[in-house]
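What follows is a set of notes on a single structure, which appears directly below.
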Amino acid sequence: MNVDSQFPQPLAPVPHQRPLDKPVEQTTTRPVDDPKSAEAATGKPHQNDEKTRNEERHAHHQDAANAKRPESELSEEEKAELEKLRARDREVRAHEAAHKAAAGSHARGSAQFTFDEGPDGRRYAVGGEVSIDTSKVSGDPEATIRKAQAIQRAANAPAQPSGQDRSVASQASQMEIEARRELAESEKTASKDGPAEPASPVNRIENANTETAPVGELIDVIA
């Protein structure tokens, strides 16, 4: 930028005037450090700078709150609390993993956890749940029986099933009883009417694929 062609030169050099370290184009883009100077120059408070400083202070406090602390800096009470949280975290994760493995294809998605923050700044699982499909298999009582039995195994899979686990297992047991009753009635009807033609396995697969199974119970809400 040619300064001589746009600004008149002073008649005499200003005493003690230091040359600019950077071109004018760059220095004009720097934020004003002093909000009072900005207010004096524009007649308005420098709101952007104030907002930026508030955001920086908030981020600083947030970082300090989330800062992880080494265990050597914890008190004895905090260490004891931390050990309990770690044990709880292991218990919860093992519990939900047992549900998930036993449920197999009847589980819907991954296990979900709730967390508490420990004195060391880290998060530990204190509760969890696994969503499982507990709907009947429409038109197929035998498949419903197998599914009900799988749900019962999934609900009772952990070493210490929760109250919600036992409730889901009870519902699955009732579903199995109803399916067995339905199967017995259909076999009784078939024996009176004579042998029925076997159902096409292709149709059964198509029906199973086209029917949307709703999500049923949640195994565990142990937070």
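Please note that chains go A, B, ... in the order of the structure tokens, that every chain numbers its residues from 1, and that ligands are numbered from 1 in the order shown.
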Taking the chain letters and numbering used in this document, name the residues of stretch 104-177 of chain A that DSSP puts in helix (DSSP H, G or I), as an MDAnalysis selection string.
chainID A and resid 104:106 141:155 163:177
Surrounding residues of A:Gly104 excluding itself and chain neighbours under 6 positions, 12 Å, only C-alpha atoms, as a ChimeraX atom specification:
/A:97-98,110,130-133,147,150-151,153-155,157
Please compute the atom CA of A:Leu183-atom CA of A:Thr134 distance, one decimal, in Å.
18.5 Å
Give me, please, the distance in Å between atom CA of A:Lys100 and atom CA of A:Ile145, quoted to one decimal.
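Answer for the atom CA of A:Lys100 to atom CA of A:Ile145 separation: 19.7 Å.
Going from atom CA of A:Lys188 to atom CA of A:Ala172 covers 24.3 Å.
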Write out as a list in words which residues come within 8 Å of A:Asp89 when counting only C-alpha atoms, dropping same-chain ones fewer than 6 positions away.
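Once the nearby chain positions are removed, what remains is Tyr124, Ala125 and Val126 of chain A.
Shortest atom-to-atom contact with A:Ala94 among A:Glu129, A:Glu55, A:Glu182, A:Glu142: A:Glu129, counting only C-alpha atoms.
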